[in-house]
Structures are given as structure tokens and as C-alpha cells.
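J.: Structure supplied as protein.csv; contents: CSV, C-alpha atoms and all ligand atoms.
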```csv
chain,number,residue,atom,x,y,z
A,1463,MET,CA,-42.6,-137.3,28.3
A,1464,ASN,CA,-39.7,-136.6,30.7
A,1465,LYS,CA,-39.5,-133.0,31.9
A,1466,PRO,CA,-36.8,-131.5,29.7
A,1467,ALA,CA,-33.5,-130.8,31.3
A,1468,GLY,CA,-31.5,-127.6,30.8
A,1469,ARG,CA,-32.3,-123.9,30.2
A,1470,TYR,CA,-35.2,-123.1,27.9
A,1471,LEU,CA,-33.9,-121.2,24.9
A,1472,ARG,CA,-36.7,-120.8,22.3
A,1473,SER,CA,-39.4,-122.6,20.4
A,1474,GLY,CA,-39.5,-123.1,16.6
A,1475,LYS,CA,-42.7,-124.1,14.8
A,1476,VAL,CA,-42.4,-127.7,16.0
A,1477,LYS,CA,-39.5,-128.1,18.4
A,1478,ASP,CA,-38.7,-126.5,21.8
A,1479,ILE,CA,-35.0,-126.0,22.3
A,1480,TYR,CA,-33.1,-126.2,25.6
A,1481,ASP,CA,-29.4,-125.5,26.3
A,1482,VAL,CA,-28.0,-128.3,28.4
A,1483,GLY,CA,-24.4,-127.0,28.4
A,1484,GLU,CA,-21.2,-128.6,27.1
A,1485,ALA,CA,-22.1,-127.5,23.5
A,1486,ARG,CA,-25.2,-129.6,23.5
A,1487,LEU,CA,-28.9,-128.8,22.9
A,1488,LEU,CA,-32.0,-130.7,23.9
A,1489,LEU,CA,-34.6,-130.7,21.1
A,1490,VAL,CA,-38.1,-131.5,22.3
A,1491,TYR,CA,-40.3,-132.6,19.4
A,1492,THR,CA,-43.8,-131.3,20.2
A,1493,ASN,CA,-47.3,-132.2,18.8
A,1494,ARG,CA,-47.7,-128.8,17.2
A,1495,LEU,CA,-49.0,-128.7,13.6
A,1496,SER,CA,-49.1,-126.0,10.9
A,1497,SER,CA,-51.1,-125.7,7.8
A,1498,HIS,CA,-51.1,-123.0,5.1
A,1499,ASP,CA,-48.1,-121.5,7.0
A,1500,VAL,CA,-50.4,-121.0,10.0
A,1501,MET,CA,-49.7,-122.5,13.4
A,1502,LEU,CA,-52.8,-124.3,14.7
A,1503,ALA,CA,-53.7,-124.5,18.3
A,1504,ASP,CA,-54.7,-128.1,17.9
A,1505,GLU,CA,-52.2,-130.7,18.9
A,1506,ILE,CA,-51.8,-134.0,17.1
A,1507,PRO,CA,-51.2,-136.9,19.6
A,1508,HIS,CA,-47.9,-138.7,19.1
A,1509,LYS,CA,-46.8,-136.4,16.3
A,1510,GLY,CA,-43.7,-135.2,18.2
A,1511,GLU,CA,-42.6,-138.8,19.0
A,1512,VAL,CA,-43.2,-139.9,15.3
A,1513,LEU,CA,-40.9,-137.0,14.0
A,1514,CYS,CA,-38.3,-137.7,16.7
A,1515,ARG,CA,-38.2,-141.4,16.1
A,1516,LEU,CA,-38.2,-141.1,12.3
A,1517,SER,CA,-35.3,-138.6,12.4
A,1518,THR,CA,-33.4,-140.8,14.8
A,1519,TYR,CA,-34.0,-143.8,12.4
A,1520,TYR,CA,-32.4,-141.8,9.5
A,1521,PHE,CA,-29.6,-140.2,11.6
A,1522,SER,CA,-28.6,-143.7,12.7
A,1523,LYS,CA,-28.5,-144.9,9.1
A,1524,CYS,CA,-26.4,-141.8,8.3
A,1525,SER,CA,-23.8,-142.8,10.9
A,1526,ILE,CA,-23.6,-146.3,9.4
A,1527,SER,CA,-23.0,-144.6,6.0
A,1528,GLY,CA,-20.4,-142.2,7.3
A,1529,ILE,CA,-22.6,-139.1,7.1
A,1530,GLU,CA,-22.0,-137.0,10.3
A,1531,THR,CA,-25.1,-135.9,12.1
A,1532,HIS,CA,-25.9,-133.9,15.3
A,1533,LEU,CA,-27.5,-136.8,17.1
A,1534,ILE,CA,-26.0,-137.8,20.5
A,1535,GLU,CA,-28.9,-139.8,22.1
A,1536,ASN,CA,-32.6,-139.8,22.9
A,1537,PRO,CA,-33.4,-139.1,26.6
A,1538,SER,CA,-37.0,-140.1,25.7
A,1539,PRO,CA,-38.8,-141.0,22.5
A,1540,ASP,CA,-39.8,-137.4,21.7
A,1541,GLN,CA,-36.5,-135.8,22.8
A,1542,MET,CA,-33.1,-135.6,21.1
A,1543,LEU,CA,-29.9,-134.6,22.7
A,1544,VAL,CA,-27.7,-133.1,19.9
A,1545,LYS,CA,-24.4,-131.3,19.3
A,1546,LYS,CA,-25.0,-127.5,19.3
A,1547,LEU,CA,-23.7,-126.3,15.9
A,1548,PHE,CA,-23.3,-123.1,14.0
A,1549,LEU,CA,-26.3,-122.9,11.9
A,1550,ILE,CA,-25.6,-122.6,8.1
A,1551,PRO,CA,-28.5,-120.2,7.2
A,1552,ILE,CA,-29.8,-122.1,4.2
A,1553,GLU,CA,-32.3,-124.9,3.6
A,1554,VAL,CA,-31.2,-127.6,1.2
A,1555,ILE,CA,-34.0,-128.9,-1.0
A,1556,GLY,CA,-33.9,-132.2,-2.9
A,1557,ARG,CA,-36.4,-132.7,-5.6
A,1558,ASN,CA,-37.5,-135.9,-7.5
A,1559,TYR,CA,-40.7,-134.5,-8.9
A,1560,VAL,CA,-41.9,-131.2,-10.5
A,1561,TYR,CA,-44.0,-129.7,-7.8
A,1562,GLY,CA,-44.6,-126.8,-5.3
A,1563,SER,CA,-42.5,-123.7,-5.8
A,1564,PHE,CA,-40.4,-125.5,-8.5
A,1565,TRP,CA,-43.5,-126.0,-10.7
A,1566,LYS,CA,-44.4,-122.3,-10.2
A,1567,ARG,CA,-40.9,-121.2,-11.3
A,1568,PHE,CA,-41.2,-123.5,-14.3
A,1569,GLN,CA,-44.5,-121.9,-15.3
A,1570,ARG,CA,-42.8,-118.5,-15.0
A,1571,HIS,CA,-40.0,-119.8,-17.3
A,1572,GLU,CA,-37.5,-119.3,-14.4
A,1573,VAL,CA,-36.1,-122.8,-14.5
A,1574,LYS,CA,-35.4,-125.5,-17.1
A,1575,LEU,CA,-36.3,-129.1,-16.6
A,1576,PRO,CA,-33.7,-131.8,-17.0
A,1577,GLU,CA,-33.8,-133.2,-20.5
A,1578,GLY,CA,-36.5,-135.8,-21.0
A,1579,THR,CA,-38.7,-134.6,-18.1
A,1580,ASP,CA,-42.4,-134.1,-19.0
A,1581,PRO,CA,-43.4,-130.4,-18.7
A,1582,ILE,CA,-46.4,-131.2,-16.5
A,1583,LEU,CA,-47.3,-130.8,-12.8
A,1584,ALA,CA,-46.1,-133.7,-10.7
A,1585,ALA,CA,-43.9,-135.2,-13.5
A,1586,LYS,CA,-40.9,-137.2,-12.3
A,1587,LEU,CA,-37.7,-135.4,-12.9
A,1588,ARG,CA,-35.2,-137.4,-15.1
A,1589,GLU,CA,-32.6,-136.6,-12.5
A,1590,PRO,CA,-32.9,-135.4,-8.9
A,1591,ILE,CA,-32.2,-131.7,-8.4
A,1592,VAL,CA,-30.7,-130.0,-5.3
A,1593,GLU,CA,-31.5,-126.3,-4.6
A,1594,PHE,CA,-30.9,-123.9,-1.8
A,1595,THR,CA,-33.2,-121.4,-0.1
A,1596,THR,CA,-32.5,-118.8,2.6
A,1597,LYS,CA,-33.6,-119.8,6.1
A,1598,LEU,CA,-33.6,-117.0,8.5
A,1599,GLU,CA,-35.7,-114.6,6.5
A,1600,SER,CA,-39.4,-114.1,6.9
A,1601,LYS,CA,-40.1,-115.8,3.6
A,1602,ASP,CA,-37.8,-118.6,2.2
A,1603,ARG,CA,-36.2,-117.4,-1.0
A,1604,LEU,CA,-34.2,-119.3,-3.6
A,1605,ILE,CA,-30.5,-118.5,-3.4
A,1606,THR,CA,-27.8,-119.1,-6.0
A,1607,GLU,CA,-24.6,-121.0,-5.1
A,1608,LYS,CA,-22.7,-117.8,-6.1
A,1609,ASP,CA,-24.6,-115.8,-3.5
A,1610,ILE,CA,-24.0,-118.4,-0.8
A,1611,SER,CA,-20.2,-118.1,-1.3
A,1612,THR,CA,-20.3,-114.3,-1.8
A,1613,TYR,CA,-22.1,-114.0,1.6
A,1614,GLY,CA,-19.2,-116.1,3.0
A,1615,TRP,CA,-21.6,-118.9,4.2
A,1616,LEU,CA,-19.9,-121.7,2.4
A,1617,THR,CA,-17.0,-122.2,-0.1
A,1618,PRO,CA,-17.8,-123.7,-3.5
A,1619,ASP,CA,-16.2,-127.0,-2.3
A,1620,GLU,CA,-18.4,-127.0,0.8
A,1621,ILE,CA,-21.5,-126.4,-1.5
A,1622,ASP,CA,-20.4,-129.4,-3.6
A,1623,GLU,CA,-20.0,-131.5,-0.4
A,1624,ILE,CA,-23.5,-130.6,0.8
A,1625,ARG,CA,-25.0,-131.4,-2.7
A,1626,THR,CA,-23.3,-134.8,-2.6
A,1627,VAL,CA,-24.6,-135.5,0.9
A,1628,ALA,CA,-28.1,-134.4,-0.1
A,1629,LEU,CA,-28.1,-136.8,-3.0
A,1630,ARG,CA,-27.0,-139.6,-0.8
A,1631,LEU,CA,-29.7,-138.8,1.7
A,1632,ASN,CA,-32.2,-138.8,-1.2
A,1633,ASN,CA,-31.1,-142.3,-2.2
A,1634,MET,CA,-31.4,-143.4,1.4
A,1635,MET,CA,-34.9,-142.1,1.8
A,1636,LEU,CA,-36.0,-143.3,-1.6
A,1637,GLU,CA,-35.2,-146.9,-0.7
A,1638,ASP,CA,-37.6,-146.8,2.3
A,1639,ALA,CA,-40.3,-144.8,0.5
A,1640,GLU,CA,-40.2,-147.2,-2.4
A,1641,ARG,CA,-40.7,-150.2,-0.1
A,1642,ALA,CA,-43.4,-148.3,1.9
A,1643,GLY,CA,-45.5,-147.6,-1.2
A,1644,PHE,CA,-44.7,-143.9,-1.0
A,1645,ILE,CA,-43.3,-141.5,-3.6
A,1646,LEU,CA,-40.8,-139.1,-2.1
A,1647,ALA,CA,-41.5,-136.0,-4.2
A,1648,ASP,CA,-39.1,-133.6,-2.4
A,1649,PHE,CA,-37.5,-133.0,1.0
A,1650,LYS,CA,-35.7,-130.3,3.0
A,1651,VAL,CA,-32.6,-130.7,5.2
A,1652,GLU,CA,-30.4,-128.4,7.2
A,1653,PHE,CA,-26.7,-128.4,8.0
A,1654,GLY,CA,-24.5,-126.9,10.6
A,1655,LYS,CA,-20.7,-126.5,11.2
A,1656,ASP,CA,-18.8,-127.7,14.2
A,1657,GLU,CA,-15.8,-125.9,15.8
A,1658,ASN,CA,-13.5,-127.4,13.2
A,1659,ASP,CA,-15.7,-126.2,10.3
A,1660,LYS,CA,-16.9,-129.8,9.6
A,1661,ILE,CA,-20.3,-129.9,8.0
A,1662,VAL,CA,-22.9,-131.8,10.0
A,1663,LEU,CA,-26.5,-132.8,9.2
A,1664,ILE,CA,-28.8,-131.2,11.8
A,1665,ASP,CA,-32.5,-130.6,12.7
A,1666,GLU,CA,-34.6,-133.4,11.4
A,1667,ILE,CA,-34.8,-135.7,8.4
A,1668,GLY,CA,-37.2,-138.1,6.6
A,1669,THR,CA,-40.3,-136.9,8.4
A,1670,PRO,CA,-43.7,-136.0,6.9
A,1671,ASP,CA,-43.1,-132.4,8.1
A,1672,GLY,CA,-39.9,-132.1,6.0
A,1673,CYS,CA,-40.7,-134.3,3.1
A,1674,ARG,CA,-43.5,-134.5,0.6
A,1675,PHE,CA,-44.7,-138.1,0.5
A,1676,TRP,CA,-47.4,-139.2,-1.9
A,1677,GLU,CA,-49.3,-142.4,-1.9
A,1678,LYS,CA,-47.8,-144.3,-4.8
A,1679,SER,CA,-51.0,-146.2,-5.8
A,1680,LYS,CA,-52.9,-142.9,-6.2
A,1681,TYR,CA,-50.2,-141.0,-8.2
A,1682,GLN,CA,-51.4,-139.4,-11.4
A,1683,PRO,CA,-49.1,-136.9,-13.1
A,1684,GLY,CA,-50.8,-133.8,-14.5
A,1685,ARG,CA,-52.7,-132.8,-11.4
A,1686,ALA,CA,-52.1,-131.8,-7.7
A,1687,GLN,CA,-51.2,-134.8,-5.5
A,1688,ASP,CA,-52.5,-135.5,-1.9
A,1689,SER,CA,-49.6,-135.2,0.5
A,1690,PHE,CA,-49.7,-138.2,2.8
A,1691,ASP,CA,-50.5,-137.0,6.3
A,1692,LYS,CA,-51.5,-133.4,6.3
A,1693,GLN,CA,-53.8,-133.4,3.3
A,1694,ILE,CA,-56.9,-134.2,5.4
A,1695,VAL,CA,-56.2,-131.2,7.6
A,1696,ARG,CA,-55.6,-129.0,4.5
A,1697,ASP,CA,-58.8,-130.2,2.9
A,1698,TYR,CA,-60.9,-129.6,6.1
A,1699,LEU,CA,-59.6,-126.1,6.5
A,1700,GLU,CA,-60.2,-125.3,2.8
A,1701,LYS,CA,-63.7,-126.8,2.6
A,1702,GLU,CA,-65.0,-126.0,6.0
A,1703,LYS,CA,-63.2,-122.9,7.0
A,1704,GLY,CA,-62.7,-121.3,3.5
A,1705,TRP,CA,-58.9,-121.2,3.8
A,1706,ASN,CA,-58.6,-121.8,0.0
A,1707,LYS,CA,-59.9,-118.3,-0.5
A,1708,ASN,CA,-59.3,-116.6,2.8
A,1709,PRO,CA,-56.5,-118.2,4.9
A,1710,PRO,CA,-55.2,-116.3,8.0
A,1711,LYS,CA,-52.0,-114.3,7.3
A,1712,PRO,CA,-48.9,-116.6,7.0
A,1713,GLY,CA,-47.1,-116.8,10.3
A,1714,THR,CA,-50.4,-116.4,12.3
A,1715,LYS,CA,-50.6,-118.5,15.5
A,1716,LEU,CA,-54.2,-119.5,16.3
A,1717,LYS,CA,-55.3,-119.4,20.0
A,1718,GLU,CA,-58.2,-121.8,19.8
A,1719,PRO,CA,-58.4,-125.3,18.5
A,1720,ILE,CA,-60.5,-125.6,15.3
A,1721,LEU,CA,-60.2,-129.2,14.2
A,1722,PRO,CA,-62.9,-131.8,15.0
A,1723,ASP,CA,-61.7,-134.5,17.4
A,1724,GLN,CA,-62.1,-137.3,14.8
A,1725,LEU,CA,-59.9,-135.4,12.3
A,1726,VAL,CA,-57.2,-135.0,15.0
A,1727,GLN,CA,-57.3,-138.7,15.7
A,1728,LYS,CA,-57.1,-139.6,12.0
A,1729,THR,CA,-54.2,-137.3,11.5
A,1730,SER,CA,-52.4,-138.8,14.4
A,1731,GLN,CA,-52.9,-142.3,12.9
A,1732,ARG,CA,-51.5,-141.1,9.6
A,1733,TYR,CA,-48.3,-139.9,11.2
A,1734,ILE,CA,-48.0,-143.2,13.0
A,1735,GLU,CA,-48.7,-145.1,9.7
A,1736,ALA,CA,-46.0,-143.1,8.0
A,1737,TYR,CA,-43.5,-144.1,10.7
A,1738,GLU,CA,-44.5,-147.8,10.5
A,1739,ARG,CA,-44.4,-148.0,6.7
A,1740,LEU,CA,-41.1,-146.1,6.3
A,1741,THR,CA,-39.2,-147.9,9.0
A,1742,GLY,CA,-40.9,-151.2,8.8
A,1743,GLU,CA,-41.1,-151.1,12.6
A,1744,LYS,CA,-44.1,-151.1,14.9
A,1745,PHE,CA,-44.6,-147.6,16.5
C,1,LIG,N1,-27.8,-129.2,16.1
C,1,LIG,C1,-28.3,-128.0,16.0
C,1,LIG,N2,-27.6,-126.9,16.4
C,1,LIG,C2,-28.2,-125.6,16.3
C,1,LIG,N3,-29.5,-125.4,15.9
C,1,LIG,C3,-30.2,-126.5,15.5
C,1,LIG,C4,-29.7,-127.8,15.6
C,1,LIG,N4,-30.7,-128.6,15.1
C,1,LIG,C5,-31.7,-127.9,14.8
C,1,LIG,N5,-31.5,-126.6,15.0
C,1,LIG,C6,-32.4,-125.4,14.8
C,1,LIG,O1,-33.5,-125.6,15.8
C,1,LIG,C7,-34.7,-125.2,15.3
C,1,LIG,C8,-35.7,-126.4,15.4
C,1,LIG,O2,-37.0,-126.1,15.7
C,1,LIG,P1,-38.1,-126.1,14.6
C,1,LIG,O3,-39.4,-126.1,15.3
C,1,LIG,O4,-37.9,-127.1,13.5
C,1,LIG,O5,-37.9,-124.6,14.0
C,1,LIG,P2,-38.4,-123.9,12.6
C,1,LIG,O6,-39.7,-123.2,13.0
C,1,LIG,O7,-37.3,-123.0,12.3
C,1,LIG,O8,-38.6,-125.0,11.6
C,1,LIG,C9,-34.5,-124.8,13.8
C,1,LIG,O9,-34.4,-123.4,13.8
C,1,LIG,C10,-33.2,-125.5,13.5
C,1,LIG,O10,-32.5,-124.8,12.5
C,2,MG,MG,-38.3,-127.0,11.4
```
Please go through the file and, once you have read it, give me the structure as C-alpha cells.
Ligand SMILES: Nc1ncnc2c1ncn2[C@@H]1O[C@H](COP(=O)(O)OP(=O)(O)O)[C@@H](O)[C@H]1O
Ligand SMILES: [Mg+2]
T.:
Amino acid sequence: MNKPAGRYLRSGKVKDIYDVGEARLLLVYTNRLSSHDVMLADEIPHKGEVLCRLSTYYFSKCSISGIETHLIENPSPDQMLVKKLFLIPIEVIGRNYVYGSFWKRFQRHEVKLPEGTDPILAAKLREPIVEFTTKLESKDRLITEKDISTYGWLTPDEIDEIRTVALRLNNMMLEDAERAGFILADFKVEFGKDENDKIVLIDEIGTPDGCRFWEKSKYQPGRAQDSFDKQIVRDYLEKEKGWNKNPPKPGTKLKEPILPDQLVQKTSQRYIEAYERLTGEKF
């Protein structure tokens, strides 16, 4: 890794952010990993590079398809020089399957399924769905389009534009997932605005951290699915550390590594495998 240029600004869960002037940021994708909303002290070798290269792969596809993104260039394989944009404080969620918080809301009768969708866990939605959650609050919360425009974050036309882009991104990622033998159950993307109020795709896209990928050959509707890369870590923490009953408080940062070396190596290999299967390129 090159020593990052610029002035250190802050660290998110996965990326370190530097201000390099001229309305640009340097994003350093690190090897940090979270599970159960807890930051582990263990690092997964090559994970940062996998996320950065996968995002770059999709951002490049976007530019060919006329979808504007923040990518300028990669100073090194785990670093991304990007346009600094005004963050739109929402996360845009695309869904192809009934899962996660959407399944919970369905069970509480808070959402209707598109007509023809089986009312069971992990069923395929008859049509993809786009939803919005808040971003800068302690817990992500679903937000209506009406509230997004009432808060003055986006106009109804801009919301439509973002929904259309999210569906195009979904199609783009579905193509690769299909070829790779993965199911893309759902994904999250973020957008910013430039000085002319143009909407631009930011952050990361198409990575195992921001998407739920399932192994297609193991898919069985009606039960919980293994998510491709992190499941082995989740399983270990639940079986060996009792996190299914007693996880640390969400948001906790652990100080000491707790994963066996073999599991760390295996997780690293899974991230690399995801990269290779999705892009069809050698890591
Ligand atoms: N082009 C950009 N301009 C401004 N902020 C950005 C841009 N791209 C990403 N970000 C923000 O930088 C942070 C990336 O770090 P990350 O570790 O993913 O954080 P988080 O813990 O919020 O997921 C996110 O808060 C994201 O919204
Ligand atoms: Mg993030």
C-alpha cells in the first residue's frame, strides 16, 4: 500500500478518508471487518483491495453506460481518488428477494409484496423494489419519498432519477452475479450531488460488504440463506462466542482479535473468490 496522500479527515467502518484538496478525497479501503454491527479487531488480508477493485470495476462500467460516478483514478489497488461531493443523507436499497429487514416488515404487515410473489422468506420478488433509509442516524430507518422531499434533500424528480439509476445498477450487477453463480438478493448504494446539483454515484458498489450474495446452487426458499463471504465469520461468532444470544452492543469496537487464523485466511479467500467470479478476472 502507498502511504496515503493528503490530510487525514476521518475513518468510517471500512474506509479511511483523506482530503487531498481541489474538491477531491482519497478513500483508502482497509481490511477492517464488522459482524453483527460490531467492528472486529481482526483484519482480513486483501479485503480492502477486493472492495476497491470491485467498486472500480463497476464504476468503470457505469461510465460506459452514462451513469456518473465519483471515481477519478486509483493511486494504488486499495485507494480511490474521488470527487468530493455533498452527501445525500440516504441509503438507496435495491431488493430482488424477500429478506432481511424487508422480511421483518412483511411479517409485521408493514409492506405488501408485489403481486405473484410467494409470501415466504427468501422468495424472489416478482419485480425489484427500491427503498430508501436514513444514513446519518445511529440506526438506519426506512424513510418515505414524501419525507425525503419534505426535508428538502431531493425533489420528487430527483428521487425518480435515483430510482431509475438504482434499477439500472441492479441490472448491471445481476448480469455478473448470474454468470458467477451468485444470487444478488439485495444491495445498497449512496449518492452525492456536485456543485451543479448533478446526482452522482459515490462510496462503493457491487462489493460483498454492500450486497447480499447467495450461492445459487445452495439456494432454497423458505429458510435463511448463507451470505457468501461473511457467513463463516457469523457462524463462528454465534457458535463459538455465543453471539446469537449475547452479541456485544451494536457499534462496539473490539480491541483484541478473536478469530482463528485459519478462519481469517478462509474469509480472505472468499473475498478474493467473489472478486474473481464477479469480474471474471484473476485477482
Ligand atoms: N465522493 C464522496 N464524497 C463525500 N463523501 C463520500 C464520498 N464517497 C464516500 N463518501 C462517504 O465516505 C464514507 C466511506 O467510509 P465507510 O467506511 O464506508 O463509512 P461508513 O461507516 O459510513 O459505511 C461514507 O460515510 C460515505 O458516505
Ligand atoms: Mg460504508
J.: Name the residues within 7 Å of (-37.8, -136.2, 0.2), counting all atoms listed in the file in the file's coordinates, and put them as a ChimeraX atom specification.
T.: /A:1556-1557,1632,1635,1646-1650,1668,1673-1674
J.: What does the structure give for the distance between atom CA of Phe1653 of chain A and atom CA of Leu1549 of chain A, in Å to one decimal?
T.: 6.8 Å
J.: Would you name the residues within 12 Å of ligand MG 2 (chain C), counting only C-alpha atoms and all ligand atoms, and put them as JSON, numbers by chain?
T.: {"A": [1473, 1474, 1475, 1476, 1477, 1478, 1479, 1489, 1490, 1491, 1492, 1494, 1495, 1496, 1510, 1513, 1514, 1553, 1597, 1598, 1650, 1651, 1652, 1664, 1665, 1666, 1667, 1669, 1670, 1671, 1672, 1673]}
J.: Mind checking which residues fall within 10 Å of Ile1582 of chain A, counting all atoms listed in the file, ignoring those fewer than 3 positions away in the same chain, and posting them as a compact mmCIF listing (two decimals) with C-alpha atoms, in the frame of the given file?
T.:
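Once written, around23.txt looks like this:
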```txt
# COMPACT_ATOMS: atom_id res chain seq x y z
CA VAL A 1560 -41.90 -131.20 -10.50
CA TYR A 1561 -44.00 -129.70 -7.80
CA TRP A 1565 -43.50 -126.00 -10.70
CA PHE A 1568 -41.20 -123.50 -14.30
CA GLN A 1569 -44.50 -121.90 -15.30
CA THR A 1579 -38.70 -134.60 -18.10
CA ALA A 1585 -43.90 -135.20 -13.50
CA LYS A 1586 -40.90 -137.20 -12.30
CA PRO A 1683 -49.10 -136.90 -13.10
CA GLY A 1684 -50.80 -133.80 -14.50
CA ARG A 1685 -52.70 -132.80 -11.40
```
J.: For a cutoff of 8 Å around the file-coordinate point (-55.0, -135.0, 19.6), which residues qualify once you count only C-alpha atoms? I'd like the result as JSON, numbers by chain.
T.: {"A": [1504, 1505, 1506, 1507, 1723, 1726, 1727, 1730]}
J.: For each of A:Leu1631, A:Leu1533, A:Val1512, A:Ile1621, take the minimum atom-to-atom distance to ligand LIG 1 (chain C), counting all atoms listed in the file, then give the residue where this is smallest.
T.: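 Nearest to ligand LIG 1 (chain C): A:Leu1533.
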J.: Using only C-alpha atoms and all ligand atoms, which residue out of A:Arg1472, A:Lys1703, A:Lys1717, A:Lys1523 lies closest to ligand LIG 1 (chain C)?
T.: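 Ranking A:Arg1472, A:Lys1703, A:Lys1717, A:Lys1523 by distance to ligand LIG 1 (chain C), first place goes to A:Arg1472.
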